[in-house]
$ cat data_14.txt   # compact mmCIF, C-alpha atoms
# COMPACT_ATOMS: atom_id res chain seq x y z
CA MET A 234 116.53 -236.74 64.68
CA SER A 235 115.44 -233.89 66.95
CA LEU A 236 116.10 -230.19 67.10
CA VAL A 237 118.44 -228.54 69.56
CA GLN A 238 116.66 -227.57 72.77
CA MET A 239 118.04 -224.19 73.78
CA GLN A 240 115.74 -223.77 76.81
CA PRO A 241 115.01 -226.43 79.41
CA ARG A 242 111.48 -227.75 79.37
CA PRO A 243 109.55 -229.18 82.29
CA ALA A 244 109.67 -232.96 82.55
CA HIS A 245 105.88 -233.18 82.37
CA ALA A 246 105.57 -231.08 79.18
CA ASP A 247 103.89 -232.62 76.16
CA VAL A 248 106.61 -232.81 73.49
CA HIS A 249 104.19 -232.29 70.59
CA ALA A 250 102.54 -229.30 72.24
CA ASP A 251 105.98 -227.87 73.03
CA LEU A 252 107.00 -228.06 69.35
CA VAL A 253 103.76 -226.46 68.22
CA LEU A 254 103.98 -223.57 70.70
CA ARG A 255 107.70 -222.84 70.52
CA THR A 256 109.05 -220.82 67.65
CA VAL A 257 112.36 -220.94 65.83
CA ASP A 258 113.31 -217.74 67.67
CA ASP A 259 113.30 -219.77 70.91
CA ALA A 260 115.82 -222.33 69.64
CA MET A 261 118.04 -220.73 67.02
CA GLU A 262 121.75 -220.25 67.52
CA ALA A 263 123.69 -217.09 66.68
CA ALA A 264 124.20 -216.59 62.95
CA GLY A 265 127.93 -217.33 63.08
CA PRO A 266 130.34 -216.69 60.22
CA GLN A 267 128.90 -215.10 57.08
CA VAL A 268 130.59 -214.86 53.71
CA CYS A 269 129.71 -213.15 50.44
CA ASP A 270 128.44 -215.29 47.56
CA ASP A 271 131.14 -213.94 45.20
CA MET A 272 133.84 -215.58 47.37
CA THR A 273 135.61 -218.61 45.93
CA VAL A 274 135.04 -222.01 47.46
CA GLU A 275 138.71 -222.13 48.46
CA VAL A 276 138.55 -218.86 50.40
CA ALA A 277 135.24 -219.86 52.02
CA LEU A 278 136.83 -223.14 53.12
CA ALA A 279 139.66 -221.17 54.73
CA VAL A 280 137.12 -218.98 56.55
CA MET A 281 135.30 -222.09 57.77
CA ALA A 282 138.52 -223.70 58.96
CA GLY A 283 139.64 -220.51 60.69
CA SER A 284 136.33 -220.07 62.49
CA ARG A 285 136.03 -223.79 63.31
CA ALA A 286 132.40 -223.61 62.17
CA ASP A 287 130.35 -226.48 60.79
CA HIS A 288 128.56 -224.20 58.35
CA LEU A 289 128.73 -220.75 56.77
CA LEU A 290 125.87 -218.41 56.00
CA ILE A 291 126.13 -216.98 52.52
CA CYS A 292 124.98 -213.45 51.73
CA ASP A 293 124.72 -211.43 48.53
CA GLU A 294 126.26 -208.00 47.91
CA ASP A 295 123.27 -206.37 49.64
CA GLY A 296 123.78 -208.41 52.83
CA LEU A 297 120.72 -210.61 52.23
CA CYS A 298 121.06 -214.26 53.18
CA THR A 299 121.14 -216.47 50.08
CA GLY A 300 121.82 -219.80 51.75
CA LEU A 301 123.94 -221.93 54.00
CA ILE A 302 126.75 -224.33 53.19
CA THR A 303 128.10 -227.13 55.37
CA ARG A 304 131.41 -228.98 55.54
CA GLU A 305 129.79 -231.99 53.88
CA GLN A 306 128.58 -229.86 50.98
CA PHE A 307 132.07 -228.39 50.59
CA ARG A 308 133.53 -231.90 50.44
CA ALA A 309 131.07 -232.90 47.72
CA ILE A 310 131.89 -229.77 45.72
CA ARG A 311 135.65 -230.30 45.96
CA ASP A 312 135.28 -233.95 44.98
CA SER A 313 133.22 -233.15 41.86
CA ALA A 314 134.70 -233.19 38.37
CA ALA A 315 133.48 -229.61 37.77
CA TYR A 316 135.54 -228.20 40.66
CA THR A 317 138.16 -225.52 39.99
CA ASP A 318 139.92 -223.17 42.39
CA ARG A 319 138.01 -220.26 40.79
CA LEU A 320 134.55 -221.68 41.51
CA ARG A 321 132.42 -219.14 43.39
CA LEU A 322 129.88 -219.88 46.09
CA ARG A 323 127.01 -218.37 44.06
CA ASP A 324 127.77 -220.93 41.33
CA VAL A 325 127.28 -223.90 43.65
CA LEU A 326 124.39 -222.68 45.79
CA GLY A 327 121.59 -223.13 43.30
CA ASP A 328 118.19 -221.91 44.43
CA ARG A 329 117.84 -219.49 47.34
CA GLY A 330 116.79 -221.08 50.57
CA PRO A 331 115.20 -222.77 52.28
CA PHE A 332 114.88 -220.39 55.20
CA ALA A 333 112.91 -220.12 58.41
CA SER A 334 111.33 -217.06 59.95
CA PRO A 335 111.80 -216.41 63.67
CA VAL A 336 108.04 -216.89 64.09
CA THR A 337 108.00 -220.28 62.35
CA THR A 338 106.90 -222.95 64.80
CA MET A 339 109.40 -225.61 65.79
CA ALA A 340 107.03 -228.27 64.43
CA GLU A 341 107.03 -226.60 61.00
CA ALA A 342 110.80 -226.15 61.02
CA GLU A 343 111.44 -229.73 62.10
CA HIS A 344 109.14 -231.02 59.37
CA ALA A 345 110.87 -228.91 56.71
CA MET A 346 114.33 -230.01 57.86
CA ARG A 347 113.41 -233.68 57.91
CA TYR A 348 111.72 -233.46 54.50
CA ARG A 349 114.74 -231.76 52.93
CA ARG A 350 117.27 -233.75 55.01
CA LEU A 351 118.92 -230.61 56.39
CA ASP A 352 121.18 -230.41 59.42
CA ALA A 353 120.98 -226.62 59.61
CA LEU A 354 118.48 -224.00 58.48
CA PRO A 355 119.13 -220.25 58.21
CA VAL A 356 116.74 -218.01 60.12
CA VAL A 357 116.15 -214.73 58.32
CA ALA A 358 114.36 -211.47 59.10
CA GLU A 359 111.46 -210.27 57.00
CA GLN A 360 113.89 -208.18 54.95
CA GLY A 361 116.16 -211.18 54.29
CA GLY A 362 119.04 -210.54 56.65
CA ALA A 363 120.43 -213.48 58.62
CA LEU A 364 119.35 -213.62 62.28
CA GLY A 365 120.60 -217.06 63.25
CA VAL A 366 120.70 -220.75 62.41
CA LEU A 367 118.51 -223.62 63.54
CA VAL A 368 120.72 -226.70 63.98
CA LEU A 369 119.77 -230.32 64.55
CA ALA A 370 121.02 -231.93 67.74
CA ARG A 371 123.96 -234.27 67.36

$ encode --input "data_14.txt" --output "structure tokens"
Amino acid sequence: MSLVQMQPRPAHADVHADLVLRTVDDAMEAAGPQVCDDMTVEVALAVMAGSRADHLLICDEDGLCTGLITREQFRAIRDSAAYTDRLRLRDVLGDRGPFASPVTTMAEAEHAMRYRRLDALPVVAEQGGALGVLVLAR
């Protein structure tokens, strides 16, 4: 599993040194679709389908990023016994995070993603607003 390389690197570059020196800001993708955490799972699924995105960033009423949800997580939620059509995103998110800062090194981000088995990681500003998403290569 390796992270998306957004900028070409010289063939002779040391991969480990490249990961240590590069930051998340160098490799993150645009934030993409964002939804409010008071939205129902059903409406969020419709937004995801309409945008053809693989994930949605979730924000609170103040516009601060509270998490990210993927298609696979939506499937698990809809297949659970506790699912209803009135279930809100904030009820299924759990704890805030994890997040990356734009100045986080790629090595740190890759380690965190592998440890938590994440395919995507929100990148947030110091104030908590979403800047982008770090996505694993497919």

$ closest_residue --input "data_14.txt" --among "A:Leu367, A:Val325, A:Ala264, A:Val276" --to "A:Thr338" --atoms "all atoms listed in the file"
A:Leu367

$ residues_near_point --input "data_14.txt" --point "(135.5, -231.4, 51.0)" --cutoff "12 Å" --atoms "only C-alpha atoms" --output "PyMOL selection string"
chain A and resi 274-275+277-279+281-282+302-313+316

$ residues_around --input "data_14.txt" --residues "A:Leu301" --least-positions-apart "4" --cutoff "8 Å" --atoms "all atoms listed in the file" --output "ChimeraX atom specification"
/A:288-291,330,353-355

$ closest_residue --input "data_14.txt" --among "A:Cys269, A:Leu320, A:Ala315, A:Leu326" --to "A:Asp295" --atoms "only C-alpha atoms"
A:Cys269

$ closest_residue --input "data_14.txt" --among "A:Thr317, A:Ser334, A:Thr256, A:Gln267" --to "A:Asp293" --atoms "only C-alpha atoms"
A:Gln267

$ atom_distance --input "data_14.txt" --atom1 "atom CA of A:Gly296" --atom2 "atom CA of A:Val268"
9.4 Å

$ atom_distance --input "data_14.txt" --atom1 "atom CA of A:Arg350" --atom2 "atom CA of A:Thr273"
25.5 Å

$ atom_distance --input "data_14.txt" --atom1 "atom CA of A:Ala314" --atom2 "atom CA of A:Thr299"
24.5 Å

$ build_atoms --input "data_14.txt" --residues "stretch 267-291 of chain A" --atoms "N, CA, C and O atoms" --output "PDB file, in the frame of the given file"
ATOM      1  N   GLN A 267     129.607-215.375  58.327  1.00  0.00           N
ATOM      2  CA  GLN A 267     128.900-215.100  57.080  1.00  0.00           C
ATOM      3  C   GLN A 267     129.923-214.704  56.026  1.00  0.00           C
ATOM      4  O   GLN A 267     130.886-213.993  56.317  1.00  0.00           O
ATOM      5  N   VAL A 268     129.702-215.191  54.819  1.00  0.00           N
ATOM      6  CA  VAL A 268     130.590-214.860  53.710  1.00  0.00           C
ATOM      7  C   VAL A 268     129.759-214.394  52.529  1.00  0.00           C
ATOM      8  O   VAL A 268     128.569-214.685  52.437  1.00  0.00           O
ATOM      9  N   CYS A 269     130.391-213.675  51.628  1.00  0.00           N
ATOM     10  CA  CYS A 269     129.710-213.150  50.440  1.00  0.00           C
ATOM     11  C   CYS A 269     129.674-214.223  49.351  1.00  0.00           C
ATOM     12  O   CYS A 269     130.621-215.012  49.211  1.00  0.00           O
ATOM     13  N   ASP A 270     128.605-214.247  48.569  1.00  0.00           N
ATOM     14  CA  ASP A 270     128.440-215.290  47.560  1.00  0.00           C
ATOM     15  C   ASP A 270     129.406-215.166  46.371  1.00  0.00           C
ATOM     16  O   ASP A 270     129.521-216.083  45.575  1.00  0.00           O
ATOM     17  N   ASP A 271     130.153-214.039  46.272  1.00  0.00           N
ATOM     18  CA  ASP A 271     131.140-213.940  45.200  1.00  0.00           C
ATOM     19  C   ASP A 271     132.511-214.491  45.622  1.00  0.00           C
ATOM     20  O   ASP A 271     133.453-214.538  44.845  1.00  0.00           O
ATOM     21  N   MET A 272     132.611-214.974  46.855  1.00  0.00           N
ATOM     22  CA  MET A 272     133.840-215.580  47.370  1.00  0.00           C
ATOM     23  C   MET A 272     134.064-216.939  46.707  1.00  0.00           C
ATOM     24  O   MET A 272     133.125-217.663  46.418  1.00  0.00           O
ATOM     25  N   THR A 273     135.324-217.285  46.490  1.00  0.00           N
ATOM     26  CA  THR A 273     135.610-218.610  45.930  1.00  0.00           C
ATOM     27  C   THR A 273     135.423-219.673  47.004  1.00  0.00           C
ATOM     28  O   THR A 273     135.485-219.393  48.203  1.00  0.00           O
ATOM     29  N   VAL A 274     135.194-220.878  46.545  1.00  0.00           N
ATOM     30  CA  VAL A 274     135.040-222.010  47.460  1.00  0.00           C
ATOM     31  C   VAL A 274     136.288-222.168  48.310  1.00  0.00           C
ATOM     32  O   VAL A 274     136.203-222.422  49.511  1.00  0.00           O
ATOM     33  N   GLU A 275     137.451-221.998  47.716  1.00  0.00           N
ATOM     34  CA  GLU A 275     138.710-222.130  48.460  1.00  0.00           C
ATOM     35  C   GLU A 275     138.811-221.142  49.611  1.00  0.00           C
ATOM     36  O   GLU A 275     139.176-221.511  50.728  1.00  0.00           O
ATOM     37  N   VAL A 276     138.474-219.877  49.356  1.00  0.00           N
ATOM     38  CA  VAL A 276     138.550-218.860  50.400  1.00  0.00           C
ATOM     39  C   VAL A 276     137.496-219.142  51.472  1.00  0.00           C
ATOM     40  O   VAL A 276     137.766-219.027  52.665  1.00  0.00           O
ATOM     41  N   ALA A 277     136.301-219.541  51.053  1.00  0.00           N
ATOM     42  CA  ALA A 277     135.240-219.860  52.020  1.00  0.00           C
ATOM     43  C   ALA A 277     135.657-221.034  52.904  1.00  0.00           C
ATOM     44  O   ALA A 277     135.386-221.035  54.104  1.00  0.00           O
ATOM     45  N   LEU A 278     136.321-222.016  52.328  1.00  0.00           N
ATOM     46  CA  LEU A 278     136.830-223.140  53.120  1.00  0.00           C
ATOM     47  C   LEU A 278     137.831-222.664  54.161  1.00  0.00           C
ATOM     48  O   LEU A 278     137.840-223.147  55.297  1.00  0.00           O
ATOM     49  N   ALA A 279     138.684-221.725  53.782  1.00  0.00           N
ATOM     50  CA  ALA A 279     139.660-221.170  54.730  1.00  0.00           C
ATOM     51  C   ALA A 279     138.953-220.428  55.855  1.00  0.00           C
ATOM     52  O   ALA A 279     139.345-220.539  57.024  1.00  0.00           O
ATOM     53  N   VAL A 280     137.898-219.680  55.524  1.00  0.00           N
ATOM     54  CA  VAL A 280     137.120-218.980  56.550  1.00  0.00           C
ATOM     55  C   VAL A 280     136.493-220.003  57.499  1.00  0.00           C
ATOM     56  O   VAL A 280     136.524-219.839  58.721  1.00  0.00           O
ATOM     57  N   MET A 281     135.935-221.061  56.943  1.00  0.00           N
ATOM     58  CA  MET A 281     135.300-222.090  57.770  1.00  0.00           C
ATOM     59  C   MET A 281     136.320-222.741  58.687  1.00  0.00           C
ATOM     60  O   MET A 281     136.059-222.930  59.879  1.00  0.00           O
ATOM     61  N   ALA A 282     137.471-223.065  58.154  1.00  0.00           N
ATOM     62  CA  ALA A 282     138.520-223.700  58.960  1.00  0.00           C
ATOM     63  C   ALA A 282     138.991-222.748  60.066  1.00  0.00           C
ATOM     64  O   ALA A 282     139.160-223.159  61.221  1.00  0.00           O
ATOM     65  N   GLY A 283     139.178-221.485  59.712  1.00  0.00           N
ATOM     66  CA  GLY A 283     139.640-220.510  60.690  1.00  0.00           C
ATOM     67  C   GLY A 283     138.641-220.251  61.803  1.00  0.00           C
ATOM     68  O   GLY A 283     139.023-219.996  62.944  1.00  0.00           O
ATOM     69  N   SER A 284     137.364-220.331  61.479  1.00  0.00           N
ATOM     70  CA  SER A 284     136.330-220.070  62.490  1.00  0.00           C
ATOM     71  C   SER A 284     135.899-221.344  63.216  1.00  0.00           C
ATOM     72  O   SER A 284     135.133-221.276  64.178  1.00  0.00           O
ATOM     73  N   ARG A 285     136.392-222.487  62.753  1.00  0.00           N
ATOM     74  CA  ARG A 285     136.030-223.790  63.310  1.00  0.00           C
ATOM     75  C   ARG A 285     134.507-224.000  63.332  1.00  0.00           C
ATOM     76  O   ARG A 285     133.953-224.609  64.241  1.00  0.00           O
ATOM     77  N   ALA A 286     133.855-223.484  62.287  1.00  0.00           N
ATOM     78  CA  ALA A 286     132.400-223.610  62.170  1.00  0.00           C
ATOM     79  C   ALA A 286     132.051-224.850  61.361  1.00  0.00           C
ATOM     80  O   ALA A 286     132.859-225.346  60.575  1.00  0.00           O
ATOM     81  N   ASP A 287     130.847-225.342  61.569  1.00  0.00           N
ATOM     82  CA  ASP A 287     130.350-226.480  60.790  1.00  0.00           C
ATOM     83  C   ASP A 287     129.588-226.036  59.559  1.00  0.00           C
ATOM     84  O   ASP A 287     129.251-226.845  58.704  1.00  0.00           O
ATOM     85  N   HIS A 288     129.283-224.742  59.489  1.00  0.00           N
ATOM     86  CA  HIS A 288     128.560-224.200  58.350  1.00  0.00           C
ATOM     87  C   HIS A 288     128.872-222.712  58.212  1.00  0.00           C
ATOM     88  O   HIS A 288     129.361-222.077  59.152  1.00  0.00           O
ATOM     89  N   LEU A 289     128.596-222.184  57.033  1.00  0.00           N
ATOM     90  CA  LEU A 289     128.730-220.750  56.770  1.00  0.00           C
ATOM     91  C   LEU A 289     127.421-220.245  56.195  1.00  0.00           C
ATOM     92  O   LEU A 289     126.814-220.904  55.340  1.00  0.00           O
ATOM     93  N   LEU A 290     126.996-219.079  56.635  1.00  0.00           N
ATOM     94  CA  LEU A 290     125.870-218.410  56.000  1.00  0.00           C
ATOM     95  C   LEU A 290     126.416-217.634  54.815  1.00  0.00           C
ATOM     96  O   LEU A 290     127.483-217.018  54.909  1.00  0.00           O
ATOM     97  N   ILE A 291     125.687-217.664  53.726  1.00  0.00           N
ATOM     98  CA  ILE A 291     126.130-216.980  52.520  1.00  0.00           C
ATOM     99  C   ILE A 291     125.183-215.834  52.226  1.00  0.00           C
ATOM    100  O   ILE A 291     123.960-215.998  52.243  1.00  0.00           O
TER     101      ILE A 291
END
